[in-house]
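Trainee: File input_12.txt follows (compact mmCIF, N, CA and C atoms):
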```
# COMPACT_ATOMS: atom_id res chain seq x y z
N MET A 1 75.38 182.65 -8.18
CA MET A 1 74.35 182.67 -7.16
C MET A 1 73.55 181.36 -7.17
N VAL A 2 73.26 180.84 -8.36
CA VAL A 2 72.50 179.61 -8.48
C VAL A 2 73.31 178.44 -7.89
N MET A 3 74.61 178.46 -8.12
CA MET A 3 75.47 177.39 -7.59
C MET A 3 75.48 177.41 -6.06
N PHE A 4 75.52 178.61 -5.49
CA PHE A 4 75.50 178.73 -4.03
C PHE A 4 74.18 178.22 -3.46
N LEU A 5 73.10 178.55 -4.07
CA LEU A 5 71.79 178.08 -3.63
C LEU A 5 71.69 176.56 -3.75
N PHE A 6 72.22 176.01 -4.83
CA PHE A 6 72.23 174.55 -5.01
C PHE A 6 73.04 173.88 -3.90
N LEU A 7 74.21 174.42 -3.52
CA LEU A 7 75.04 173.85 -2.45
C LEU A 7 74.35 173.93 -1.09
N VAL A 8 73.65 175.00 -0.81
CA VAL A 8 72.92 175.14 0.46
C VAL A 8 71.81 174.09 0.54
N ILE A 9 71.07 173.91 -0.56
CA ILE A 9 69.99 172.92 -0.57
C ILE A 9 70.56 171.50 -0.44
N ALA A 10 71.67 171.22 -1.13
CA ALA A 10 72.30 169.89 -1.03
C ALA A 10 72.79 169.64 0.39
N LEU A 11 73.37 170.66 1.01
CA LEU A 11 73.83 170.51 2.40
C LEU A 11 72.65 170.26 3.33
N ALA A 12 71.54 170.93 3.14
CA ALA A 12 70.36 170.72 3.97
C ALA A 12 69.82 169.30 3.81
N VAL A 13 69.83 168.79 2.58
CA VAL A 13 69.35 167.42 2.34
C VAL A 13 70.27 166.41 3.02
N VAL A 14 71.58 166.61 2.94
CA VAL A 14 72.54 165.69 3.57
C VAL A 14 72.37 165.73 5.09
N VAL A 15 72.24 166.91 5.66
CA VAL A 15 72.04 167.03 7.12
C VAL A 15 70.75 166.34 7.53
N ALA A 16 69.68 166.52 6.77
CA ALA A 16 68.41 165.88 7.10
C ALA A 16 68.52 164.36 7.00
N ALA A 17 69.22 163.86 5.98
CA ALA A 17 69.38 162.41 5.84
C ALA A 17 70.19 161.82 6.98
N VAL A 18 71.25 162.49 7.37
CA VAL A 18 72.07 162.00 8.49
C VAL A 18 71.26 162.06 9.78
N THR A 19 70.52 163.11 9.99
CA THR A 19 69.70 163.22 11.19
C THR A 19 68.66 162.11 11.26
N LEU A 20 67.99 161.83 10.16
CA LEU A 20 67.01 160.74 10.14
C LEU A 20 67.67 159.38 10.36
N ALA A 21 68.87 159.19 9.84
CA ALA A 21 69.57 157.92 10.04
C ALA A 21 69.94 157.73 11.51
N VAL A 22 70.36 158.80 12.14
CA VAL A 22 70.77 158.70 13.54
C VAL A 22 69.55 158.56 14.45
N VAL A 23 68.52 159.34 14.20
CA VAL A 23 67.33 159.32 15.06
C VAL A 23 66.50 158.08 14.79
N GLY A 24 66.54 157.55 13.61
CA GLY A 24 65.80 156.33 13.31
C GLY A 24 64.64 156.54 12.39
N GLY A 25 64.43 157.70 11.91
CA GLY A 25 63.37 157.93 10.93
C GLY A 25 61.97 157.81 11.50
N GLY A 26 61.79 158.02 12.80
CA GLY A 26 60.47 157.99 13.39
C GLY A 26 59.98 156.62 13.78
N GLU A 27 60.85 155.62 13.77
CA GLU A 27 60.42 154.28 14.19
C GLU A 27 60.10 154.30 15.68
N SER A 28 59.18 153.46 16.08
CA SER A 28 58.72 153.50 17.46
C SER A 28 59.73 152.90 18.44
N ASP A 29 60.55 151.94 18.01
CA ASP A 29 61.48 151.30 18.94
C ASP A 29 62.83 152.01 19.02
N GLY A 30 63.05 153.05 18.25
CA GLY A 30 64.29 153.80 18.30
C GLY A 30 65.37 153.17 17.45
N PRO A 31 66.44 153.90 17.23
CA PRO A 31 67.49 153.42 16.34
C PRO A 31 68.32 152.30 16.95
N LEU A 32 68.59 152.36 18.23
CA LEU A 32 69.41 151.34 18.89
C LEU A 32 68.66 150.79 20.10
N PRO A 33 68.68 149.51 20.28
CA PRO A 33 68.02 148.96 21.47
C PRO A 33 68.85 149.25 22.72
N ASP A 34 68.15 149.32 23.84
CA ASP A 34 68.85 149.52 25.11
C ASP A 34 69.61 148.26 25.46
N VAL A 35 70.83 148.44 25.87
CA VAL A 35 71.70 147.32 26.22
C VAL A 35 72.07 147.44 27.69
N ALA A 36 72.03 146.33 28.38
CA ALA A 36 72.44 146.35 29.78
C ALA A 36 73.92 146.70 29.86
N PRO A 37 74.30 147.49 30.86
CA PRO A 37 75.71 147.87 30.96
C PRO A 37 76.58 146.64 31.23
N GLU A 38 77.76 146.68 30.66
CA GLU A 38 78.70 145.57 30.86
C GLU A 38 79.14 145.56 32.32
N ARG A 39 79.10 144.38 32.91
CA ARG A 39 79.46 144.24 34.32
C ARG A 39 80.71 143.39 34.44
N LEU A 40 81.29 143.42 35.61
CA LEU A 40 82.48 142.64 35.91
C LEU A 40 82.15 141.16 35.76
N GLN A 41 82.88 140.45 34.89
CA GLN A 41 82.57 139.06 34.58
C GLN A 41 82.93 138.12 35.74
N ASP A 42 84.12 138.24 36.28
CA ASP A 42 84.58 137.36 37.35
C ASP A 42 84.89 138.19 38.59
N PRO A 43 83.88 138.46 39.41
CA PRO A 43 84.16 139.25 40.61
C PRO A 43 85.01 138.46 41.60
N LEU A 44 85.50 139.14 42.60
CA LEU A 44 86.31 138.47 43.61
C LEU A 44 85.44 137.48 44.37
N PRO A 45 86.00 136.34 44.76
CA PRO A 45 85.19 135.29 45.40
C PRO A 45 84.67 135.74 46.77
N PRO A 46 83.37 135.60 47.00
CA PRO A 46 82.81 136.05 48.28
C PRO A 46 82.98 135.04 49.41
N ASP A 47 83.29 133.78 49.07
CA ASP A 47 83.29 132.73 50.09
C ASP A 47 84.68 132.37 50.62
N ARG A 48 85.72 133.03 50.15
CA ARG A 48 87.08 132.73 50.62
C ARG A 48 87.93 133.98 50.46
N PRO A 49 89.08 134.01 51.15
CA PRO A 49 89.96 135.18 51.01
C PRO A 49 90.52 135.28 49.58
N VAL A 50 90.82 136.48 49.19
CA VAL A 50 91.36 136.74 47.86
C VAL A 50 92.82 136.30 47.82
N ASN A 51 93.22 135.64 46.74
CA ASN A 51 94.63 135.27 46.60
C ASN A 51 95.22 135.98 45.39
N ARG A 52 96.51 135.73 45.16
CA ARG A 52 97.23 136.42 44.08
C ARG A 52 96.60 136.14 42.71
N ALA A 53 96.20 134.91 42.46
CA ALA A 53 95.61 134.55 41.17
C ALA A 53 94.31 135.31 40.93
N ASP A 54 93.53 135.55 41.99
CA ASP A 54 92.29 136.32 41.84
C ASP A 54 92.59 137.75 41.38
N ILE A 55 93.62 138.34 41.97
CA ILE A 55 93.98 139.71 41.62
C ILE A 55 94.55 139.77 40.20
N GLU A 56 95.40 138.80 39.84
CA GLU A 56 95.99 138.81 38.51
C GLU A 56 94.94 138.57 37.43
N GLY A 57 93.89 137.83 37.73
CA GLY A 57 92.84 137.55 36.77
C GLY A 57 91.73 138.58 36.73
N LEU A 58 91.79 139.58 37.61
CA LEU A 58 90.74 140.59 37.69
C LEU A 58 90.85 141.55 36.51
N ARG A 59 89.81 141.64 35.71
CA ARG A 59 89.75 142.55 34.56
C ARG A 59 88.45 143.33 34.62
N PHE A 60 88.57 144.63 34.59
CA PHE A 60 87.40 145.49 34.66
C PHE A 60 86.91 145.80 33.24
N PRO A 61 85.59 145.82 33.03
CA PRO A 61 85.07 146.17 31.70
C PRO A 61 85.29 147.66 31.43
N LEU A 62 85.57 147.98 30.18
CA LEU A 62 85.79 149.37 29.78
C LEU A 62 84.47 150.05 29.48
N THR A 63 84.43 151.33 29.77
CA THR A 63 83.29 152.16 29.41
C THR A 63 83.82 153.33 28.59
N ALA A 64 82.94 154.26 28.28
CA ALA A 64 83.35 155.39 27.44
C ALA A 64 84.42 156.24 28.11
N ARG A 65 84.41 156.31 29.42
CA ARG A 65 85.39 157.14 30.14
C ARG A 65 86.37 156.33 30.95
N GLY A 66 86.58 155.09 30.63
CA GLY A 66 87.55 154.27 31.37
C GLY A 66 86.88 153.03 31.93
N TYR A 67 87.00 152.84 33.22
CA TYR A 67 86.42 151.68 33.89
C TYR A 67 85.16 152.08 34.63
N ARG A 68 84.31 151.07 34.90
CA ARG A 68 83.10 151.33 35.68
C ARG A 68 83.51 151.61 37.12
N MET A 69 83.17 152.79 37.60
CA MET A 69 83.60 153.21 38.92
C MET A 69 83.07 152.28 40.02
N ALA A 70 81.86 151.80 39.89
CA ALA A 70 81.27 150.94 40.91
C ALA A 70 82.06 149.63 41.03
N ASP A 71 82.46 149.04 39.90
CA ASP A 71 83.23 147.79 39.94
C ASP A 71 84.59 148.00 40.60
N VAL A 72 85.26 149.08 40.24
CA VAL A 72 86.58 149.37 40.81
C VAL A 72 86.45 149.67 42.30
N ASP A 73 85.45 150.45 42.69
CA ASP A 73 85.24 150.76 44.10
C ASP A 73 84.96 149.51 44.91
N ASP A 74 84.14 148.60 44.38
CA ASP A 74 83.84 147.36 45.09
C ASP A 74 85.11 146.52 45.28
N ALA A 75 85.90 146.41 44.23
CA ALA A 75 87.13 145.61 44.33
C ALA A 75 88.12 146.23 45.31
N LEU A 76 88.27 147.54 45.26
CA LEU A 76 89.20 148.21 46.18
C LEU A 76 88.72 148.11 47.63
N SER A 77 87.43 148.22 47.84
CA SER A 77 86.90 148.08 49.20
C SER A 77 87.16 146.69 49.74
N ARG A 78 86.92 145.69 48.91
CA ARG A 78 87.16 144.30 49.33
C ARG A 78 88.63 144.06 49.64
N LEU A 79 89.51 144.53 48.77
CA LEU A 79 90.95 144.35 48.99
C LEU A 79 91.42 145.11 50.23
N GLY A 80 90.90 146.31 50.44
CA GLY A 80 91.27 147.08 51.62
C GLY A 80 90.84 146.39 52.90
N ALA A 81 89.64 145.83 52.92
CA ALA A 81 89.16 145.13 54.11
C ALA A 81 89.99 143.88 54.39
N GLU A 82 90.34 143.14 53.34
CA GLU A 82 91.14 141.94 53.54
C GLU A 82 92.56 142.27 53.97
N LEU A 83 93.13 143.34 53.45
CA LEU A 83 94.47 143.74 53.89
C LEU A 83 94.45 144.18 55.35
N ALA A 84 93.42 144.91 55.76
CA ALA A 84 93.32 145.33 57.16
C ALA A 84 93.18 144.11 58.07
N GLU A 85 92.38 143.13 57.64
CA GLU A 85 92.22 141.90 58.43
C GLU A 85 93.54 141.13 58.54
N ARG A 86 94.28 141.05 57.45
CA ARG A 86 95.57 140.35 57.47
C ARG A 86 96.58 141.10 58.32
N ASP A 87 96.59 142.43 58.25
CA ASP A 87 97.51 143.21 59.09
C ASP A 87 97.22 142.99 60.56
N ALA A 88 95.94 142.95 60.93
CA ALA A 88 95.58 142.71 62.32
C ALA A 88 96.02 141.30 62.75
N ARG A 89 95.82 140.33 61.88
CA ARG A 89 96.23 138.95 62.20
C ARG A 89 97.75 138.86 62.35
N ILE A 90 98.50 139.53 61.48
CA ILE A 90 99.96 139.53 61.58
C ILE A 90 100.40 140.19 62.88
N ALA A 91 99.76 141.30 63.26
CA ALA A 91 100.10 141.97 64.52
C ALA A 91 99.83 141.05 65.71
N ASP A 92 98.71 140.33 65.71
CA ASP A 92 98.40 139.39 66.79
C ASP A 92 99.44 138.28 66.87
N LEU A 93 99.80 137.72 65.72
CA LEU A 93 100.79 136.64 65.71
C LEU A 93 102.16 137.13 66.15
N GLU A 94 102.55 138.35 65.75
CA GLU A 94 103.84 138.89 66.17
C GLU A 94 103.87 139.15 67.66
N SER A 95 102.77 139.63 68.23
CA SER A 95 102.76 139.86 69.69
C SER A 95 102.76 138.53 70.44
N ALA A 96 102.07 137.51 69.92
CA ALA A 96 102.11 136.20 70.55
C ALA A 96 103.50 135.60 70.46
N LEU A 97 104.19 135.78 69.36
CA LEU A 97 105.55 135.29 69.20
C LEU A 97 106.50 136.01 70.14
N ALA A 98 106.34 137.32 70.28
CA ALA A 98 107.19 138.07 71.20
C ALA A 98 106.98 137.61 72.63
N GLY A 99 105.74 137.34 73.00
CA GLY A 99 105.45 136.83 74.35
C GLY A 99 106.05 135.45 74.57
N ALA A 100 105.96 134.58 73.59
CA ALA A 100 106.53 133.24 73.71
C ALA A 100 108.05 133.30 73.78
N GLN A 101 108.68 134.19 73.02
CA GLN A 101 110.13 134.34 73.07
C GLN A 101 110.57 134.89 74.41
N ALA A 102 109.83 135.83 74.97
CA ALA A 102 110.16 136.37 76.29
C ALA A 102 110.03 135.30 77.36
N ALA A 103 108.99 134.49 77.28
CA ALA A 103 108.81 133.41 78.26
C ALA A 103 109.92 132.38 78.13
N ALA A 104 110.34 132.07 76.91
CA ALA A 104 111.44 131.12 76.72
C ALA A 104 112.75 131.70 77.23
N HIS A 105 112.97 132.98 77.06
CA HIS A 105 114.19 133.62 77.54
C HIS A 105 114.25 133.59 79.05
N VAL A 106 113.13 133.85 79.71
CA VAL A 106 113.07 133.82 81.17
C VAL A 106 113.30 132.39 81.67
N ALA A 107 112.73 131.41 80.99
CA ALA A 107 112.88 130.02 81.41
C ALA A 107 114.32 129.55 81.24
N LEU A 108 115.05 130.01 80.28
CA LEU A 108 116.44 129.61 80.07
C LEU A 108 117.37 130.23 81.10
N HIS A 109 117.10 131.44 81.53
CA HIS A 109 117.99 132.14 82.46
C HIS A 109 117.56 131.99 83.91
N LYS A 110 116.53 131.27 84.20
CA LYS A 110 116.05 131.07 85.56
C LYS A 110 116.87 129.93 86.19
N PRO A 111 117.55 130.16 87.32
CA PRO A 111 118.34 129.08 87.94
C PRO A 111 117.43 128.00 88.54
N GLU A 112 117.91 126.77 88.43
CA GLU A 112 117.14 125.66 89.00
C GLU A 112 117.37 125.60 90.50
N HIS A 113 116.39 125.20 91.30
CA HIS A 113 116.45 125.21 92.76
C HIS A 113 117.29 124.08 93.31
N GLY A 114 117.42 122.99 92.65
CA GLY A 114 118.08 121.81 93.23
C GLY A 114 119.56 121.69 92.93
N GLN A 115 120.20 122.58 92.19
CA GLN A 115 121.58 122.41 91.80
C GLN A 115 122.55 122.64 92.96
N GLY A 116 122.41 123.66 93.76
CA GLY A 116 123.36 123.97 94.84
C GLY A 116 123.22 123.06 96.03
N GLU A 117 122.15 122.39 96.24
CA GLU A 117 121.91 121.60 97.43
C GLU A 117 122.46 120.17 97.31
N GLN A 118 122.74 119.67 96.13
CA GLN A 118 123.16 118.28 95.98
C GLN A 118 124.66 118.08 96.17
N GLN A 119 125.52 119.09 96.25
CA GLN A 119 126.95 118.92 96.40
C GLN A 119 127.30 118.59 97.76
```
In C-alpha cells, how does this file's structure come out?

Mentor:
Amino acid sequence: MVMFLFLVIALAVVVAAVTLAVVGGGESDGPLPDVAPERLQDPLPPDRPVNRADIEGLRFPLTARGYRMADVDDALSRLGAELAERDARIADLESALAGAQAAAHVALHKPEHGQGEQQ
C-alpha cells in the first residue's frame, strides 16, 4: 500500500513539473513568443505574366496541416485568370487566322477580269 501511495505522489509531481514547463511557470510573457506565420517567400510576379520558371520555382510554406490555404488559393486564382486570358487570346488569333485563310482562298479562286478579253 505504501508503494502504491508513493507511485501516485511521484506521478502527481511529474505531471505538475511537466505542466509548469509547458505553461511557463507563471512567467508574464508566456513560454513561447508569438511568431508571425510563415508566408510565401517568392509570390508570383504581379507586373508580368507568369512563365514556366515562375511555376517551377513556386514553393508553398508548410503548416501543421499541409500548406497555407490562402497562399495556394491566391496562386491558383492567379494561374486560372492567366490561363483564361491566354485561352481567349488564342481563340481570337485562331479566328483571325481562319478569316485570313478564307480571304486568301477566295482571292486565289477568283477569276481575273482581263484574261478573256486580250485574246

Trainee: Taking all atoms of segment 83-98 of chain A that the file lists and extending 4 Å past them on each side, where is the centre of the axis-aligned box and how long are its edges? Answer in Å to one decimal, as AutoDock Vina command-line options.

Mentor:
```
--center_x 99.7 --center_y 140.3 --center_z 63.0 --size_x 23.0 --size_y 18.0 --size_z 27.2
```

Trainee: Tell me, in Å to one decimal, how far atom CA of Leu58 of chain A is from atom CA of Leu76 of chain A.

Mentor: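 It comes out at 11.5 Å.
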
Trainee: Dump as an NGL selection string all residues having an atom at most 6.5 Å from (87.3, 150.8, 36.4), computed in the file's coordinates with all atoms listed in the file.

Mentor: :A and (60-61 or 66-69 or 71-72)

Trainee: Could those selected residues go to a file with N, CA and C atoms, as a compact mmCIF listing (two decimals), keeping the file's coordinate frame?

Mentor:
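Result saved to selection-v8.txt:
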```txt
# COMPACT_ATOMS: atom_id res chain seq x y z
N PHE A 60 88.57 144.63 34.59
CA PHE A 60 87.40 145.49 34.66
C PHE A 60 86.91 145.80 33.24
N PRO A 61 85.59 145.82 33.03
CA PRO A 61 85.07 146.17 31.70
C PRO A 61 85.29 147.66 31.43
N GLY A 66 86.58 155.09 30.63
CA GLY A 66 87.55 154.27 31.37
C GLY A 66 86.88 153.03 31.93
N TYR A 67 87.00 152.84 33.22
CA TYR A 67 86.42 151.68 33.89
C TYR A 67 85.16 152.08 34.63
N ARG A 68 84.31 151.07 34.90
CA ARG A 68 83.10 151.33 35.68
C ARG A 68 83.51 151.61 37.12
N MET A 69 83.17 152.79 37.60
CA MET A 69 83.60 153.21 38.92
C MET A 69 83.07 152.28 40.02
N ASP A 71 82.46 149.04 39.90
CA ASP A 71 83.23 147.79 39.94
C ASP A 71 84.59 148.00 40.60
N VAL A 72 85.26 149.08 40.24
CA VAL A 72 86.58 149.37 40.81
C VAL A 72 86.45 149.67 42.30
```

Trainee: If you measure from atom C of Leu62 of chain A to atom N of Pro45 of chain A, what distance in Å do you get, rounded to one decimal?

Mentor: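 Straight-line distance from atom C of Leu62 of chain A to atom N of Pro45 of chain A works out to 20.6 Å.
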
Trainee: Distance atom N of Leu20 of chain A-atom C of Met1 of chain A, one decimal place?

Mentor: 26.7 Å

Trainee: What are the DSSP strand (DSSP E) residues of segment 6-117 of chain A, as a short mmCIF file (atom, residue, chain, number, x, y, z; two decimals) with N, CA and C atoms, keeping the file's coordinate frame?

Mentor:
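Here's the written file out-v5.cif:
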```cif
data_model
loop_
_atom_site.label_atom_id
_atom_site.label_comp_id
_atom_site.auth_asym_id
_atom_site.auth_seq_id
_atom_site.Cartn_x
_atom_site.Cartn_y
_atom_site.Cartn_z
N LEU A 62 85.57 147.98 30.18
CA LEU A 62 85.79 149.37 29.78
C LEU A 62 84.47 150.05 29.48
N THR A 63 84.43 151.33 29.77
CA THR A 63 83.29 152.16 29.41
C THR A 63 83.82 153.33 28.59
N GLY A 66 86.58 155.09 30.63
CA GLY A 66 87.55 154.27 31.37
C GLY A 66 86.88 153.03 31.93
N TYR A 67 87.00 152.84 33.22
CA TYR A 67 86.42 151.68 33.89
C TYR A 67 85.16 152.08 34.63
#
```

Trainee: Determine which residues of chain A DSSP labels as alpha helix (DSSP H) from the backbone of this structure, then write them out as a ChimeraX atom specification.

Mentor: /A:2-23,52-56,69-109

Trainee: Would you list the contacts of Arg78 of chain A as a list in words, taking every protein, DNA or RNA residue within 12 Å and counting only C-alpha atoms, but skipping same-chain residues closer than 6 positions in sequence?

Mentor: Pro43, Leu44, Pro45, Pro46, Arg48, Pro49, Val50, Ile55, Asp71, Val72, Ala84 and Glu85 of chain A

Trainee: Counting only N, CA and C atoms, figure out which residue out of A:Arg59, A:Leu5, A:Arg65, A:Ala81 gets nearest to Arg39 of chain A.

Mentor: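 Nearest candidate to Arg39 of chain A out of A:Arg59, A:Leu5, A:Arg65, A:Ala81: A:Arg59.
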